[in-house]
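Participant: I am sharing my_file.txt, which consists of compact mmCIF, N, CA and C atoms:
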# COMPACT_ATOMS: atom_id res chain seq x y z
N MET V 12 -2.55 -29.98 2.78
CA MET V 12 -3.49 -28.92 2.45
C MET V 12 -3.02 -28.20 1.18
N PRO V 13 -3.96 -27.79 0.32
CA PRO V 13 -3.54 -27.12 -0.92
C PRO V 13 -3.04 -25.70 -0.65
N LYS V 14 -2.27 -25.21 -1.60
CA LYS V 14 -1.75 -23.84 -1.49
C LYS V 14 -2.90 -22.86 -1.72
N ILE V 15 -2.76 -21.67 -1.15
CA ILE V 15 -3.76 -20.61 -1.34
C ILE V 15 -3.25 -19.67 -2.41
N LYS V 16 -4.12 -19.29 -3.34
CA LYS V 16 -3.71 -18.36 -4.38
C LYS V 16 -3.58 -16.95 -3.81
N THR V 17 -2.52 -16.27 -4.21
CA THR V 17 -2.29 -14.89 -3.80
C THR V 17 -3.08 -13.97 -4.72
N HIS V 18 -3.70 -12.95 -4.17
CA HIS V 18 -4.46 -11.99 -4.95
C HIS V 18 -3.48 -11.12 -5.74
N SER V 19 -3.58 -11.15 -7.08
CA SER V 19 -2.59 -10.48 -7.94
C SER V 19 -2.52 -8.98 -7.70
N GLY V 20 -3.67 -8.34 -7.51
CA GLY V 20 -3.67 -6.90 -7.28
C GLY V 20 -3.07 -6.54 -5.93
N ALA V 21 -3.35 -7.35 -4.93
CA ALA V 21 -2.86 -7.06 -3.58
C ALA V 21 -1.35 -7.25 -3.47
N LYS V 22 -0.81 -8.25 -4.15
CA LYS V 22 0.63 -8.50 -4.04
C LYS V 22 1.44 -7.37 -4.67
N LYS V 23 0.85 -6.63 -5.62
CA LYS V 23 1.53 -5.49 -6.24
C LYS V 23 1.44 -4.25 -5.37
N ARG V 24 0.47 -4.18 -4.49
CA ARG V 24 0.20 -2.97 -3.73
C ARG V 24 0.64 -2.99 -2.27
N PHE V 25 0.70 -4.18 -1.68
CA PHE V 25 1.00 -4.27 -0.25
C PHE V 25 2.21 -5.15 0.01
N SER V 26 2.88 -4.87 1.13
CA SER V 26 3.93 -5.76 1.62
C SER V 26 3.85 -5.77 3.14
N VAL V 27 4.31 -6.86 3.74
CA VAL V 27 4.25 -7.00 5.18
C VAL V 27 5.65 -6.75 5.76
N THR V 28 5.73 -5.90 6.77
CA THR V 28 7.01 -5.58 7.40
C THR V 28 7.40 -6.70 8.36
N GLY V 29 8.58 -6.61 8.89
CA GLY V 29 9.07 -7.61 9.84
C GLY V 29 8.24 -7.68 11.10
N SER V 30 7.69 -6.54 11.51
CA SER V 30 6.88 -6.51 12.73
C SER V 30 5.42 -6.87 12.46
N GLY V 31 5.07 -7.12 11.19
CA GLY V 31 3.72 -7.57 10.86
C GLY V 31 2.79 -6.47 10.38
N LYS V 32 3.30 -5.26 10.23
CA LYS V 32 2.47 -4.17 9.71
C LYS V 32 2.31 -4.33 8.21
N VAL V 33 1.21 -3.81 7.66
CA VAL V 33 0.98 -3.86 6.22
C VAL V 33 1.33 -2.49 5.66
N LYS V 34 2.29 -2.47 4.73
CA LYS V 34 2.82 -1.24 4.18
C LYS V 34 2.34 -1.06 2.74
N TYR V 35 2.11 0.20 2.33
CA TYR V 35 1.71 0.50 0.95
C TYR V 35 2.22 1.89 0.58
N GLN V 36 2.24 2.18 -0.70
CA GLN V 36 2.63 3.50 -1.18
C GLN V 36 1.38 4.36 -1.34
N HIS V 37 1.51 5.64 -1.01
CA HIS V 37 0.38 6.55 -1.15
C HIS V 37 -0.01 6.75 -2.61
N THR V 38 -1.26 7.12 -2.81
CA THR V 38 -1.75 7.42 -4.16
C THR V 38 -1.51 8.90 -4.47
N ASN V 39 -1.86 9.31 -5.69
CA ASN V 39 -1.79 10.71 -6.16
C ASN V 39 -0.37 11.24 -6.32
N LYS V 40 0.56 10.37 -6.71
CA LYS V 40 1.92 10.84 -6.93
C LYS V 40 2.43 10.37 -8.31
N ARG V 41 1.55 10.29 -9.29
CA ARG V 41 1.93 9.78 -10.61
C ARG V 41 2.02 10.88 -11.67
N HIS V 42 1.04 11.74 -11.75
CA HIS V 42 1.04 12.75 -12.80
C HIS V 42 0.42 14.04 -12.28
N ARG V 43 0.53 15.10 -13.08
CA ARG V 43 0.05 16.44 -12.71
C ARG V 43 0.66 16.89 -11.38
N LEU V 44 1.96 16.68 -11.24
CA LEU V 44 2.62 16.99 -9.98
C LEU V 44 2.97 18.47 -9.84
N THR V 45 2.98 19.20 -10.97
CA THR V 45 3.36 20.61 -10.90
C THR V 45 2.34 21.44 -10.15
N GLN V 46 1.08 21.06 -10.20
CA GLN V 46 0.04 21.86 -9.54
C GLN V 46 -0.22 21.42 -8.10
N LYS V 47 0.44 20.38 -7.67
CA LYS V 47 0.24 19.92 -6.29
C LYS V 47 1.24 20.60 -5.36
N ASP V 48 0.81 20.85 -4.16
CA ASP V 48 1.62 21.54 -3.18
C ASP V 48 2.85 20.70 -2.80
N HIS V 49 3.97 21.38 -2.55
CA HIS V 49 5.22 20.69 -2.20
C HIS V 49 5.05 19.88 -0.92
N LYS V 50 4.33 20.42 0.03
CA LYS V 50 4.11 19.72 1.29
C LYS V 50 3.34 18.43 1.06
N ARG V 51 2.33 18.50 0.22
CA ARG V 51 1.52 17.33 -0.08
C ARG V 51 2.34 16.23 -0.74
N LYS V 52 3.19 16.62 -1.70
CA LYS V 52 4.03 15.65 -2.40
C LYS V 52 5.06 15.03 -1.46
N ARG V 53 5.57 15.82 -0.54
CA ARG V 53 6.56 15.34 0.42
C ARG V 53 5.95 14.29 1.36
N ILE V 54 4.71 14.53 1.77
CA ILE V 54 4.02 13.59 2.64
C ILE V 54 3.70 12.29 1.90
N LEU V 55 3.33 12.41 0.63
CA LEU V 55 2.98 11.24 -0.18
C LEU V 55 4.19 10.37 -0.48
N ARG V 56 5.39 10.94 -0.38
CA ARG V 56 6.62 10.21 -0.65
C ARG V 56 6.80 9.03 0.30
N GLY V 57 6.47 9.22 1.55
CA GLY V 57 6.65 8.18 2.54
C GLY V 57 5.63 7.07 2.42
N ALA V 58 5.91 5.96 3.03
CA ALA V 58 5.01 4.81 2.99
C ALA V 58 3.84 5.02 3.94
N GLY V 59 2.73 4.38 3.61
CA GLY V 59 1.57 4.39 4.48
C GLY V 59 1.41 3.02 5.10
N TYR V 60 0.75 2.97 6.23
CA TYR V 60 0.53 1.69 6.91
C TYR V 60 -0.96 1.46 7.06
N ALA V 61 -1.41 0.26 6.73
CA ALA V 61 -2.83 -0.06 6.77
C ALA V 61 -3.36 0.01 8.20
N ASP V 62 -4.60 0.42 8.33
CA ASP V 62 -5.26 0.50 9.62
C ASP V 62 -5.48 -0.90 10.18
N GLU V 63 -5.49 -1.01 11.49
CA GLU V 63 -5.65 -2.31 12.15
C GLU V 63 -6.93 -3.03 11.72
N SER V 64 -7.96 -2.27 11.39
CA SER V 64 -9.23 -2.88 10.99
C SER V 64 -9.14 -3.58 9.63
N ASN V 65 -8.14 -3.21 8.81
CA ASN V 65 -7.99 -3.80 7.48
C ASN V 65 -6.86 -4.81 7.38
N VAL V 66 -5.98 -4.86 8.36
CA VAL V 66 -4.79 -5.72 8.29
C VAL V 66 -5.16 -7.18 8.09
N LYS V 67 -6.13 -7.67 8.82
CA LYS V 67 -6.52 -9.08 8.74
C LYS V 67 -6.96 -9.45 7.33
N ASN V 68 -7.75 -8.59 6.70
CA ASN V 68 -8.23 -8.86 5.35
C ASN V 68 -7.11 -8.82 4.32
N VAL V 69 -6.21 -7.87 4.46
CA VAL V 69 -5.11 -7.75 3.50
C VAL V 69 -4.17 -8.95 3.61
N LYS V 70 -3.87 -9.37 4.84
CA LYS V 70 -2.98 -10.51 5.03
C LYS V 70 -3.57 -11.80 4.47
N LYS V 71 -4.89 -11.87 4.44
CA LYS V 71 -5.55 -13.03 3.86
C LYS V 71 -5.34 -13.09 2.34
N LEU V 72 -5.22 -11.90 1.72
CA LEU V 72 -5.01 -11.81 0.28
C LEU V 72 -3.58 -12.12 -0.13
N ILE V 73 -2.62 -11.86 0.78
CA ILE V 73 -1.20 -12.11 0.47
C ILE V 73 -0.62 -13.07 1.52
N PRO V 74 -1.01 -14.34 1.47
CA PRO V 74 -0.63 -15.28 2.52
C PRO V 74 0.87 -15.60 2.61
N TYR V 75 1.61 -15.48 1.52
CA TYR V 75 3.01 -15.91 1.54
C TYR V 75 3.99 -14.76 1.49
N LYS V 76 3.55 -13.54 1.75
CA LYS V 76 4.45 -12.37 1.71
C LYS V 76 4.87 -11.99 3.09
Would you mind writing the structure in this file as structure tokens?
Facilitator:
Amino acid sequence: MPKIKTHSGAKKRFSVTGSGKVKYQHTNKRHRLTQKDHKRKRILRGAGYADESNVKNVKKLIPYK
């Protein structure tokens, strides 16, 4: 069977954990950070995990990760 191409945008944004969860970094932490609340920035620091309804689609885009 032929290899499946990995989606270039998805491979930069998502990774799969050992337990099979899809992990990503939160948005809104690049610029204009001085006007954002400290609590908001602290929460954005941690990783986010994709919802179960989207996991199947994301894993299809990154088959070898």
Participant: For Lys34 of chain V, work out the shell of residues within 8 Å, counting only C-alpha atoms and skipping chain neighbours fewer than 6 positions away, then give it as a list in words.
Facilitator: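 Close residues of Lys34 of chain V: Phe25, Ser26, Val27, Thr28, Ala58, Gly59, Tyr60 and Ala61 of chain V.
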Participant: Name all residues at most 6 Å from segment 16-21 of chain V (count only N, CA and C atoms; drop same-chain ones fewer than 5 positions away) and give them as number ranges by chain.
Facilitator: V: 72-74
Participant: What's around segment 35-39 of chain V at 12 Å? Count only C-alpha atoms, leave out sequence neighbours fewer than 2 positions away in its own chain, and write the answer as a PyMOL selection string.
Facilitator: chain V and resi 21-28+32-33+41-44+46-48+51-62+66+69
Participant: Hey, what does DSSP flag as alpha helix (DSSP H) within chain V? Can you give it to me as a list in words?
Facilitator: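 Selecting the alpha helix (DSSP H) positions of chain V gives Ser19, Gly20, Ala21, Lys22, Lys23, Arg24, His49, Lys50, Arg51, Lys52, Arg53, Ile54, Leu55, Arg56, Glu63, Ser64, Asn65, Val66, Lys67, Asn68, Val69, Lys70, Lys71 and Leu72 of chain V.
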Participant: What does the distance from atom N of Lys50 of chain V to atom CA of Glu63 of chain V come to in Å, to one decimal?
Facilitator: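 For atom N of Lys50 of chain V relative to atom CA of Glu63 of chain V, the distance reads 27.6 Å.
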Participant: Give me, please, the distance in Å between atom N of Tyr75 of chain V and atom C of Pro13 of chain V, quoted to one decimal.
Facilitator: 11.4 Å
Participant: To one decimal place in Å, what is the distance between atom CA of Gly31 of chain V and atom CA of Lys70 of chain V?
Facilitator: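 The value is 9.4 Å.
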Participant: Using DSSP assignments from the backbone, pull out every residue in chain V that falls under strand (DSSP E) and give it to me as a ChimeraX atom specification.
Facilitator: /V:25-27,33-36,58-60
